[in-house]
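query.tsv (TSV, C-alpha atoms)
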chain	number	residue	atom	x	y	z
A	1	MET	CA	-13.04	23.46	16.31
A	2	PRO	CA	-10.44	20.88	17.57
A	3	ILE	CA	-12.64	17.82	16.98
A	4	ALA	CA	-13.31	18.79	13.38
A	5	LEU	CA	-9.61	19.43	12.71
A	6	ALA	CA	-8.64	16.09	14.19
A	7	LEU	CA	-11.21	14.22	12.13
A	8	ALA	CA	-10.27	16.07	8.96
A	9	ALA	CA	-6.62	15.18	9.53
A	10	CYS	CA	-7.55	11.52	9.84
A	11	ALA	CA	-9.37	11.66	6.51
A	12	HIS	CA	-6.40	13.21	4.64
A	13	GLU	CA	-4.41	10.96	2.29
A	14	GLU	CA	-1.06	11.62	0.68
A	15	PRO	CA	-1.10	11.65	-3.15
A	16	LEU	CA	-0.11	8.37	-4.77
A	17	VAL	CA	3.35	8.58	-6.34
A	18	SER	CA	5.70	6.09	-7.99
A	19	THR	CA	8.27	4.32	-5.81
A	20	PRO	CA	10.86	1.59	-6.47
A	21	ARG	CA	8.08	-0.94	-5.65
A	22	LEU	CA	5.17	0.79	-7.36
A	23	THR	CA	4.63	2.39	-10.77
A	24	VAL	CA	1.79	4.90	-10.83
A	25	VAL	CA	0.06	5.31	-14.19
A	26	GLN	CA	-1.49	8.71	-14.69
A	27	ASP	CA	-4.97	9.33	-16.12
A	28	SER	CA	-3.59	10.07	-19.58
A	29	GLN	CA	-1.75	6.75	-19.74
A	30	THR	CA	-3.08	3.24	-20.28
A	31	LEU	CA	-2.59	0.59	-17.61
A	32	PRO	CA	-0.89	-2.31	-19.44
A	33	PRO	CA	-2.54	-5.75	-19.38
A	34	PRO	CA	-1.02	-8.56	-17.28
A	35	ASN	CA	0.89	-11.36	-18.95
A	36	ARG	CA	0.13	-15.03	-18.37
A	37	THR	CA	2.48	-15.46	-15.40
A	38	ASP	CA	0.95	-12.39	-13.72
A	39	LEU	CA	-2.44	-14.12	-13.71
A	40	THR	CA	-1.22	-17.12	-11.73
A	41	ALA	CA	-0.14	-16.57	-8.15
A	42	ALA	CA	2.45	-18.92	-6.71
A	43	ASP	CA	0.85	-21.86	-4.92
A	44	ARG	CA	1.72	-22.73	-1.34
A	45	PRO	CA	1.51	-26.37	-0.24
A	46	ALA	CA	-1.74	-27.41	1.44
A	47	LEU	CA	-0.94	-29.55	4.47
A	48	ILE	CA	-3.19	-32.25	5.88
A	49	GLY	CA	-4.24	-31.92	9.50
A	50	PRO	CA	-6.48	-33.57	12.12
A	51	LEU	CA	-10.14	-34.05	11.15
A	52	ASP	CA	-9.52	-33.20	7.48
A	53	THR	CA	-11.32	-35.38	4.94
A	54	ILE	CA	-9.29	-36.93	2.14
A	55	GLN	CA	-10.02	-39.13	-0.87
A	56	VAL	CA	-7.63	-42.03	-1.47
A	57	ASP	CA	-7.76	-43.69	-4.90
A	58	VAL	CA	-5.77	-46.87	-5.56
A	59	PHE	CA	-5.67	-47.59	-9.28
A	60	ASN	CA	-7.22	-50.97	-10.20
A	61	VAL	CA	-7.86	-51.82	-6.53
A	62	PRO	CA	-11.39	-50.49	-5.92
A	63	GLU	CA	-11.68	-52.16	-2.50
A	64	LEU	CA	-8.91	-49.89	-1.24
A	65	THR	CA	-10.32	-46.72	-2.78
A	66	ARG	CA	-12.20	-44.72	-0.16
A	67	GLU	CA	-12.90	-41.42	1.55
A	68	LEU	CA	-11.21	-41.08	4.93
A	69	GLN	CA	-11.27	-38.63	7.80
A	70	VAL	CA	-7.97	-37.95	9.52
A	71	ASP	CA	-8.37	-38.72	13.22
A	72	ALA	CA	-7.70	-36.25	16.04
A	73	SER	CA	-4.09	-37.43	16.33
A	74	GLY	CA	-3.47	-36.82	12.63
A	75	ARG	CA	-3.52	-40.45	11.46
A	76	ILE	CA	-5.46	-42.53	8.94
A	77	ALA	CA	-6.03	-46.28	8.84
A	78	MET	CA	-6.34	-48.32	5.63
A	79	PRO	CA	-6.60	-52.06	4.92
A	80	LEU	CA	-3.17	-53.55	4.16
A	81	ALA	CA	-1.48	-50.17	4.59
A	82	GLY	CA	-2.20	-50.01	8.31
A	83	THR	CA	-2.02	-46.79	10.32
A	84	ILE	CA	-0.19	-43.89	8.67
A	85	ASP	CA	0.64	-40.46	10.05
A	86	ALA	CA	-0.94	-37.90	7.70
A	87	ARG	CA	-0.49	-34.75	9.77
A	88	GLY	CA	1.70	-32.06	8.23
A	89	ARG	CA	2.01	-33.88	4.91
A	90	THR	CA	0.92	-32.70	1.49
A	91	ALA	CA	-1.42	-34.88	-0.57
A	92	SER	CA	1.47	-36.08	-2.75
A	93	GLU	CA	3.62	-36.88	0.30
A	94	LEU	CA	0.80	-38.91	1.84
A	95	SER	CA	0.20	-40.76	-1.43
A	96	ARG	CA	3.86	-41.79	-1.45
A	97	ALA	CA	3.61	-42.97	2.16
A	98	ILE	CA	0.51	-45.06	1.37
A	99	THR	CA	2.21	-46.46	-1.74
A	100	ALA	CA	5.20	-47.56	0.33
A	101	ALA	CA	2.97	-49.15	3.00
A	102	LEU	CA	0.94	-51.08	0.41
A	103	ARG	CA	4.07	-52.26	-1.37
A	104	ALA	CA	5.41	-53.51	1.95
A	105	HIS	CA	2.24	-55.60	2.28
A	106	TYR	CA	2.68	-57.26	-1.12
A	107	VAL	CA	0.43	-55.02	-3.22
A	108	ARG	CA	2.14	-55.09	-6.60
A	109	ASP	CA	3.04	-51.69	-8.08
A	110	PRO	CA	0.30	-49.70	-6.31
A	111	GLU	CA	-0.64	-46.37	-7.86
A	112	VAL	CA	-2.10	-44.10	-5.20
A	113	THR	CA	-3.64	-40.66	-5.55
A	114	VAL	CA	-4.68	-38.54	-2.56
A	115	ASN	CA	-6.91	-35.47	-2.73
A	116	ILE	CA	-7.97	-33.21	0.12
A	117	GLN	CA	-11.76	-33.10	0.06
A	118	SER	CA	-12.29	-30.68	2.94
A	119	SER	CA	-10.04	-29.13	5.54
A	120	VAL	CA	-10.88	-27.94	9.02
A	121	SER	CA	-7.26	-27.67	10.14
A	122	GLN	CA	-6.17	-25.06	7.59
A	123	VAL	CA	-7.91	-22.01	8.99
A	124	VAL	CA	-7.14	-18.41	9.87
A	125	THR	CA	-8.66	-16.52	12.79
A	126	ILE	CA	-9.95	-13.04	11.91
A	127	ASP	CA	-10.81	-10.87	14.92
A	128	GLY	CA	-11.40	-7.25	15.80
A	129	GLN	CA	-13.13	-4.67	13.64
A	130	VAL	CA	-14.36	-6.77	10.71
A	131	VAL	CA	-18.00	-7.34	9.83
A	132	GLU	CA	-17.96	-11.08	10.61
A	133	PRO	CA	-15.10	-12.19	12.89
A	134	GLY	CA	-14.45	-15.92	12.98
A	135	LEU	CA	-12.51	-18.85	11.58
A	136	TYR	CA	-12.04	-19.01	7.81
A	137	PRO	CA	-10.45	-21.67	5.59
A	138	VAL	CA	-7.03	-20.85	4.17
A	139	THR	CA	-6.41	-21.41	0.48
A	140	ASN	CA	-2.92	-21.72	-0.94
A	141	GLN	CA	-3.14	-18.19	-2.36
A	142	MET	CA	-4.74	-16.33	0.55
A	143	THR	CA	-3.54	-12.82	1.36
A	144	LEU	CA	-4.46	-10.28	4.03
A	145	MET	CA	-6.89	-8.42	1.77
A	146	ARG	CA	-8.57	-11.66	0.69
A	147	ALA	CA	-8.87	-12.76	4.31
A	148	ILE	CA	-10.53	-9.47	5.30
A	149	ALA	CA	-12.88	-9.82	2.33
A	150	SER	CA	-13.79	-13.32	3.57
A	151	ALA	CA	-14.88	-11.68	6.84
A	152	LYS	CA	-17.15	-9.34	4.82
A	153	GLY	CA	-14.72	-6.43	5.03
A	154	LEU	CA	-13.77	-3.86	7.65
A	155	SER	CA	-16.39	-2.67	10.11
A	156	GLU	CA	-17.46	0.91	10.73
A	157	PHE	CA	-14.86	1.50	13.45
A	158	ALA	CA	-11.89	-0.27	11.86
A	159	ARG	CA	-8.49	1.39	12.17
A	160	GLN	CA	-7.01	0.65	8.75
A	161	GLU	CA	-3.43	1.46	9.74
A	162	ASP	CA	-3.57	-0.91	12.74
A	163	VAL	CA	-3.94	-4.45	11.40
A	164	VAL	CA	-1.83	-7.13	13.10
A	165	ILE	CA	-0.95	-10.61	11.84
A	166	LEU	CA	0.11	-12.97	14.64
A	167	ARG	CA	2.11	-16.03	13.56
A	168	THR	CA	4.27	-18.76	15.06
A	169	VAL	CA	7.58	-19.27	13.21
A	170	ASP	CA	9.92	-22.05	14.41
A	171	GLY	CA	8.10	-22.07	17.74
A	172	ARG	CA	8.49	-18.32	18.20
A	173	LYS	CA	5.53	-15.96	18.40
A	174	MET	CA	5.79	-13.12	15.91
A	175	ALA	CA	3.60	-10.16	14.95
A	176	GLY	CA	3.48	-8.01	11.83
A	177	LEU	CA	1.78	-4.60	11.73
A	178	TYR	CA	0.12	-3.62	8.44
A	179	ASN	CA	-1.70	-0.65	6.96
A	180	VAL	CA	-4.66	-1.82	4.89
A	181	ALA	CA	-5.17	1.62	3.38
A	182	ALA	CA	-1.57	1.61	2.12
A	183	ILE	CA	-1.98	-1.89	0.66
A	184	ARG	CA	-5.14	-0.77	-1.14
A	185	ARG	CA	-3.18	2.13	-2.62
A	186	GLY	CA	-0.42	-0.22	-3.82
A	187	ALA	CA	2.22	1.22	-1.48
A	188	TYR	CA	3.41	-2.29	-0.65
A	189	ASP	CA	2.53	-5.91	-1.35
A	190	ASP	CA	-0.52	-7.64	0.07
A	191	PRO	CA	1.08	-10.08	2.59
A	192	ALA	CA	0.50	-13.81	2.36
A	193	ILE	CA	-1.67	-15.51	4.99
A	194	TYR	CA	-0.97	-19.02	6.28
A	195	ALA	CA	-2.87	-21.59	8.33
A	196	ASN	CA	-3.09	-20.78	12.06
A	197	ASP	CA	-2.43	-17.06	11.50
A	198	ILE	CA	-4.44	-14.67	13.66
A	199	ILE	CA	-5.50	-11.37	12.10
A	200	VAL	CA	-6.61	-8.60	14.45
A	201	VAL	CA	-8.06	-5.36	13.04
A	202	GLY	CA	-7.72	-2.42	15.45
A	203	ASP	CA	-10.39	-0.04	16.68
A	204	SER	CA	-10.52	3.64	15.65
A	205	PRO	CA	-11.40	6.01	18.53
A	206	GLN	CA	-11.75	8.86	16.01
A	207	ARG	CA	-14.51	7.06	14.13
A	208	ARG	CA	-16.33	6.32	17.36
A	209	LEU	CA	-15.97	9.98	18.39
A	210	PHE	CA	-17.41	11.10	15.08
A	211	ARG	CA	-20.41	8.82	15.49
A	212	ASP	CA	-20.98	10.12	19.01
A	213	VAL	CA	-20.79	13.73	17.82
A	214	VAL	CA	-23.27	12.99	15.03
A	215	SER	CA	-25.70	11.33	17.41
A	216	LEU	CA	-25.48	14.19	19.92
A	217	SER	CA	-25.94	17.15	17.62
A	218	PRO	CA	-26.90	17.26	13.92
A	219	ILE	CA	-26.00	20.97	13.94
A	220	ILE	CA	-22.40	20.17	14.91
A	221	ALA	CA	-22.28	17.16	12.62
A	222	ALA	CA	-23.07	19.04	9.42
A	223	PRO	CA	-19.82	21.05	9.23
A	224	LEU	CA	-17.81	17.98	10.27
A	225	ILE	CA	-19.25	15.97	7.40
A	226	ALA	CA	-18.41	18.81	5.02
A	227	LEU	CA	-14.79	18.83	6.24
A	228	LEU	CA	-14.42	15.08	5.79
A	229	GLN	CA	-15.70	15.08	2.22

Written as C-alpha coordinates, that's how I'd like the structure from this file.
Amino acid sequence: MPIALALAACAHEEPLVSTPRLTVVQDSQTLPPPNRTDLTAADRPALIGPLDTIQVDVFNVPELTRELQVDASGRIAMPLAGTIDARGRTASELSRAITAALRAHYVRDPEVTVNIQSSVSQVVTIDGQVVEPGLYPVTNQMTLMRAIASAKGLSEFARQEDVVILRTVDGRKMAGLYNVAAIRRGAYDDPAIYANDIIVVGDSPQRRLFRDVVSLSPIIAAPLIALLQ
(Lines of atoms letter the chains of each structure in order from A and count residues from 1; the text may use other names and numbers.)
(Lines give C-alpha, C1' and ligand atoms only; values in the text may rest on other atoms or scores of the structure.)
Protein backbone atom coordinates (compact mmCIF):
# COMPACT_ATOMS: atom_id res chain seq x y z
CA MET A 1 0.00 0.00 0.00
CA PRO A 2 2.05 3.03 -1.27
CA ILE A 3 0.12 5.65 0.72
CA ALA A 4 0.62 3.77 3.98
CA LEU A 5 4.34 3.33 3.33
CA ALA A 6 4.77 7.01 2.54
CA LEU A 7 2.96 8.08 5.68
CA ALA A 8 4.85 5.61 7.83
CA ALA A 9 8.13 6.94 6.45
CA CYS A 10 7.12 10.46 7.39
CA ALA A 11 6.43 9.36 10.96
CA HIS A 12 9.85 7.67 11.38
CA GLU A 13 12.45 9.45 13.53
CA GLU A 14 16.14 8.72 13.83
CA PRO A 15 17.30 7.76 17.36
CA LEU A 16 18.72 10.63 19.40
CA VAL A 17 22.49 10.35 19.75
CA SER A 18 25.22 12.56 21.21
CA THR A 19 26.96 15.04 18.89
CA PRO A 20 29.60 17.75 19.43
CA ARG A 21 26.68 20.14 20.16
CA LEU A 22 24.47 17.79 22.15
CA THR A 23 25.03 15.38 25.03
CA VAL A 24 22.38 12.68 25.29
CA VAL A 25 21.79 11.31 28.79
CA GLN A 26 20.50 7.76 28.84
CA ASP A 27 17.66 6.51 31.03
CA SER A 28 20.05 5.08 33.60
CA GLN A 29 21.82 8.41 34.05
CA THR A 30 20.69 11.55 35.86
CA LEU A 31 20.30 14.80 33.94
CA PRO A 32 22.45 17.31 35.86
CA PRO A 33 20.83 20.51 37.19
CA PRO A 34 21.59 23.87 35.54
CA ASN A 35 23.90 26.34 37.22
CA ARG A 36 22.96 29.95 37.86
CA THR A 37 24.26 31.30 34.55
CA ASP A 38 22.32 28.60 32.66
CA LEU A 39 19.08 29.97 34.12
CA THR A 40 19.59 33.46 32.71
CA ALA A 41 19.50 33.89 28.95
CA ALA A 42 21.49 36.75 27.47
CA ASP A 43 19.38 39.88 27.06
CA ARG A 44 19.08 41.67 23.74
CA PRO A 45 18.50 45.43 23.73
CA ALA A 46 14.88 46.55 23.43
CA LEU A 47 14.67 49.42 20.96
CA ILE A 48 12.07 52.17 21.03
CA GLY A 49 9.94 52.64 17.93
CA PRO A 50 6.98 54.67 16.63
CA LEU A 51 3.80 54.56 18.74
CA ASP A 52 5.54 52.91 21.70
CA THR A 53 4.61 54.23 25.14
CA ILE A 54 7.40 55.24 27.51
CA GLN A 55 7.62 56.56 31.06
CA VAL A 56 10.05 59.43 31.64
CA ASP A 57 10.98 60.20 35.26
CA VAL A 58 13.05 63.29 36.09
CA PHE A 59 14.30 63.09 39.67
CA ASN A 60 13.08 65.99 41.85
CA VAL A 61 11.31 67.65 38.89
CA PRO A 62 7.78 66.19 39.04
CA GLU A 63 6.42 68.61 36.42
CA LEU A 64 8.69 66.97 33.85
CA THR A 65 7.86 63.41 34.86
CA ARG A 66 5.27 61.94 32.50
CA GLU A 67 4.11 59.11 30.28
CA LEU A 68 4.65 59.75 26.59
CA GLN A 69 3.73 58.07 23.34
CA VAL A 70 6.33 58.13 20.59
CA ASP A 71 4.79 59.74 17.51
CA ALA A 72 4.57 58.10 14.08
CA SER A 73 7.90 59.63 13.04
CA GLY A 74 9.65 58.19 16.10
CA ARG A 75 9.93 61.41 18.13
CA ILE A 76 8.85 62.64 21.56
CA ALA A 77 8.31 66.19 22.79
CA MET A 78 9.00 67.35 26.36
CA PRO A 79 8.93 70.76 28.06
CA LEU A 80 12.42 72.33 28.11
CA ALA A 81 13.92 69.32 26.34
CA GLY A 82 12.07 70.01 23.10
CA THR A 83 11.65 67.40 20.36
CA ILE A 84 13.94 64.36 20.58
CA ASP A 85 14.32 61.45 18.18
CA ALA A 86 13.58 58.27 20.14
CA ARG A 87 13.39 55.77 17.29
CA GLY A 88 15.98 52.99 17.36
CA ARG A 89 17.29 53.97 20.79
CA THR A 90 17.34 51.91 23.95
CA ALA A 91 15.74 53.30 27.11
CA SER A 92 19.15 54.20 28.56
CA GLU A 93 20.23 55.90 25.32
CA LEU A 94 17.06 57.98 25.27
CA SER A 95 17.48 58.92 28.94
CA ARG A 96 20.96 60.24 28.12
CA ALA A 97 19.59 62.24 25.18
CA ILE A 98 16.87 63.79 27.38
CA THR A 99 19.43 64.54 30.09
CA ALA A 100 21.62 66.37 27.58
CA ALA A 101 18.65 68.34 26.21
CA LEU A 102 17.51 69.40 29.69
CA ARG A 103 21.03 70.39 30.70
CA ALA A 104 21.26 72.52 27.56
CA HIS A 105 18.12 74.34 28.75
CA TYR A 106 19.59 75.16 32.17
CA VAL A 107 18.12 72.29 34.20
CA ARG A 108 20.81 71.69 36.81
CA ASP A 109 22.16 68.13 37.02
CA PRO A 110 19.02 66.39 35.69
CA GLU A 111 18.64 62.70 36.54
CA VAL A 112 16.45 61.03 33.95
CA THR A 113 15.13 57.48 33.84
CA VAL A 114 13.22 56.06 30.86
CA ASN A 115 11.19 52.86 30.89
CA ILE A 116 9.32 51.27 28.00
CA GLN A 117 5.73 50.81 29.16
CA SER A 118 4.36 49.13 26.05
CA SER A 119 5.70 48.46 22.59
CA VAL A 120 3.83 48.08 19.33
CA SER A 121 6.91 48.41 17.15
CA GLN A 122 8.77 45.38 18.50
CA VAL A 123 6.71 42.61 16.94
CA VAL A 124 7.20 39.41 14.97
CA THR A 125 4.87 38.16 12.25
CA ILE A 126 3.95 34.47 12.56
CA ASP A 127 2.21 33.03 9.49
CA GLY A 128 1.42 29.69 7.92
CA GLN A 129 0.47 26.52 9.75
CA VAL A 130 0.19 27.72 13.35
CA VAL A 131 -2.99 27.74 15.40
CA GLU A 132 -3.24 31.54 15.64
CA PRO A 133 -1.24 33.43 12.98
CA GLY A 134 -0.68 37.11 13.66
CA LEU A 135 1.57 39.78 15.12
CA TYR A 136 3.19 39.05 18.49
CA PRO A 137 5.36 41.23 20.74
CA VAL A 138 9.06 40.40 20.81
CA THR A 139 10.80 40.10 24.15
CA ASN A 140 14.56 40.37 24.50
CA GLN A 141 14.82 36.59 24.95
CA MET A 142 12.41 35.36 22.28
CA THR A 143 13.33 32.27 20.27
CA LEU A 144 11.65 30.39 17.43
CA MET A 145 10.07 27.82 19.76
CA ARG A 146 8.78 30.54 22.09
CA ALA A 147 7.35 32.46 19.14
CA ILE A 148 5.50 29.37 17.88
CA ALA A 149 4.19 28.77 21.40
CA SER A 150 2.90 32.38 21.43
CA ALA A 151 0.86 31.49 18.33
CA LYS A 152 -0.64 28.53 20.27
CA GLY A 153 1.63 25.99 18.59
CA LEU A 154 1.74 24.23 15.24
CA SER A 155 -1.50 23.44 13.45
CA GLU A 156 -2.67 20.03 12.28
CA PHE A 157 -1.05 20.36 8.85
CA ALA A 158 2.25 21.95 9.88
CA ARG A 159 5.40 20.72 8.15
CA GLN A 160 7.86 20.74 11.04
CA GLU A 161 10.96 20.53 8.85
CA ASP A 162 9.87 23.52 6.75
CA VAL A 163 9.90 26.59 9.00
CA VAL A 164 11.35 29.78 7.50
CA ILE A 165 12.55 32.92 9.30
CA LEU A 166 12.66 35.97 7.01
CA ARG A 167 14.86 38.84 8.20
CA THR A 168 16.42 42.04 6.88
CA VAL A 169 20.14 42.38 7.72
CA ASP A 170 21.96 45.56 6.64
CA GLY A 171 19.19 46.23 4.13
CA ARG A 172 19.45 42.75 2.62
CA LYS A 173 16.60 40.25 2.72
CA MET A 174 17.66 36.93 4.19
CA ALA A 175 15.90 33.65 4.96
CA GLY A 176 16.78 30.80 7.31
CA LEU A 177 15.23 27.33 7.03
CA TYR A 178 14.69 25.44 10.30
CA ASN A 179 13.45 22.04 11.42
CA VAL A 180 11.28 22.41 14.52
CA ALA A 181 11.30 18.67 15.17
CA ALA A 182 15.11 18.70 15.25
CA ILE A 183 15.15 21.68 17.62
CA ARG A 184 12.72 19.88 19.92
CA ARG A 185 15.06 16.90 19.95
CA GLY A 186 18.04 19.12 20.83
CA ALA A 187 19.84 18.54 17.52
CA TYR A 188 20.67 22.24 17.31
CA ASP A 189 20.02 25.48 19.15
CA ASP A 190 16.66 27.23 19.21
CA PRO A 191 17.37 30.34 17.05
CA ALA A 192 16.85 33.84 18.40
CA ILE A 193 13.96 35.92 17.07
CA TYR A 194 14.18 39.69 16.59
CA ALA A 195 11.72 42.49 15.94
CA ASN A 196 10.35 42.60 12.36
CA ASP A 197 11.18 38.94 11.71
CA ILE A 198 8.62 36.97 9.72
CA ILE A 199 8.13 33.30 10.62
CA VAL A 200 6.38 31.09 8.08
CA VAL A 201 5.47 27.50 8.96
CA GLY A 202 5.07 25.27 5.89
CA ASP A 203 2.17 23.03 4.95
CA SER A 204 2.41 19.22 4.97
CA PRO A 205 0.69 17.55 1.99
CA GLN A 206 1.18 14.15 3.67
CA ARG A 207 -0.88 15.18 6.68
CA ARG A 208 -3.62 16.52 4.45
CA LEU A 209 -3.57 13.27 2.45
CA PHE A 210 -3.88 11.26 5.64
CA ARG A 211 -6.89 13.29 6.75
CA ASP A 212 -8.52 12.83 3.35
CA VAL A 213 -7.93 9.08 3.45
CA VAL A 214 -9.42 8.89 6.95
CA SER A 215 -12.49 10.85 5.91
CA LEU A 216 -13.04 8.72 2.80
CA SER A 217 -12.73 5.26 4.29
CA PRO A 218 -12.48 4.17 7.95
CA ILE A 219 -11.60 0.67 6.70
CA ILE A 220 -8.49 2.00 4.93
CA ALA A 221 -7.69 4.37 7.78
CA ALA A 222 -7.42 1.70 10.48
CA PRO A 223 -4.25 0.00 9.16
CA LEU A 224 -2.70 3.40 8.39
CA ILE A 225 -3.19 4.53 11.98
CA ALA A 226 -1.63 1.28 13.18
CA LEU A 227 1.43 1.87 10.98
CA LEU A 228 1.89 5.42 12.24
CA GLN A 229 1.79 4.44 15.90

Pick from A:Ala181, A:Val107, A:Leu68, A:Val112, whichever lies nearest to Leu51 in chain A using only C-alpha atoms: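 Nearest to Leu51 in chain A: A:Leu68.
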
Range 114-117 of chain A surroundings by only C-alpha atoms, 8 Å radius, close-in-sequence under 2 positions cut, as a list in words: Ile48, Asp52, Thr53, Ile54, Gln55, Val56, Asp57, Ala91, Ser92, Leu94, Ser95, Val112 and Ser119 of chain A

Using only C-alpha atoms, tabulate the residues of range 108-127 of chain A lying at most 10 Å from any atom of range 133-155 of chain A, each with its closest atom pair and that distance in Å to one decimal, by chain and increasing residue number, as CSV.
residue,atom,partner,partner_atom,distance
A:Ser118,CA,A:Pro137,CA,9.6
A:Ser119,CA,A:Pro137,CA,7.5
A:Val120,CA,A:Pro137,CA,7.2
A:Ser121,CA,A:Pro137,CA,8.2
A:Gln122,CA,A:Val138,CA,5.5
A:Val123,CA,A:Pro137,CA,4.3
A:Val124,CA,A:Tyr136,CA,5.3
A:Thr125,CA,A:Leu135,CA,4.7
A:Ile126,CA,A:Pro133,CA,5.3
A:Asp127,CA,A:Pro133,CA,4.9

Residue nearest Pro191 in chain A - candidates A:Val164, A:Leu80, A:Glu156, A:Glu67, atoms counted: all atoms listed in the file: A:Val164

Length of the CA of Pro15 in chain A to CA of Gly186 in chain A vector [Å]: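 So the two atoms, CA of Pro15 in chain A and CA of Gly186 in chain A, lie 11.9 Å apart.
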
Nearest to Pro110 in chain A by atom-to-atom distance, counting all atoms listed in the file, from A:Gln160, A:Thr37, A:Asn179, A:Asn60: A:Asn60

Residue with smallest distance to Arg44 in chain A - pool A:Val130, A:Ile198, A:Ile193, A:Leu22, counting all atoms listed in the file: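 Going through A:Val130, A:Ile198, A:Ile193, A:Leu22 one by one, the smallest distance to Arg44 in chain A is for A:Ile193.
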
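Once Ala77 in chain A and its same-chain neighbours fewer than 4 positions away are set aside, A:Ile54, A:Val56, A:Leu64, A:Arg66, A:Glu67, A:Leu68, A:Gln69, A:Val70, A:Asp71, A:Ser73, A:Ala81, A:Gly82, A:Thr83, A:Ile84, A:Asp85, A:Ala86, A:Ile98, A:Ala101, A:Leu102 remain within 12 Å of it when counting all atoms listed in the file.
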
Of the listed residues A:Ala100, A:Gly49, A:Phe59, A:Glu111, that which approaches Gly88 in chain A most closely, counting only C-alpha atoms: A:Gly49

Nearest to Ala182 in chain A by atom-to-atom distance, counting only C-alpha atoms, from A:Leu16, A:Pro33, A:Arg87, A:Asn196: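 Selected residue with least distance to Ala182 in chain A: A:Leu16.
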
Interatomic distance (Å, one decimal) between CA of Thr168 in chain A and CA of Ala192 in chain A: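 Computing the Euclidean distance for CA of Thr168 in chain A and CA of Ala192 in chain A yields 14.1 Å.
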
Interatomic distance (Å, one decimal) between CA of Val169 in chain A and CA of Pro45 in chain A: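 Straight-line distance from CA of Val169 in chain A to CA of Pro45 in chain A works out to 16.4 Å.
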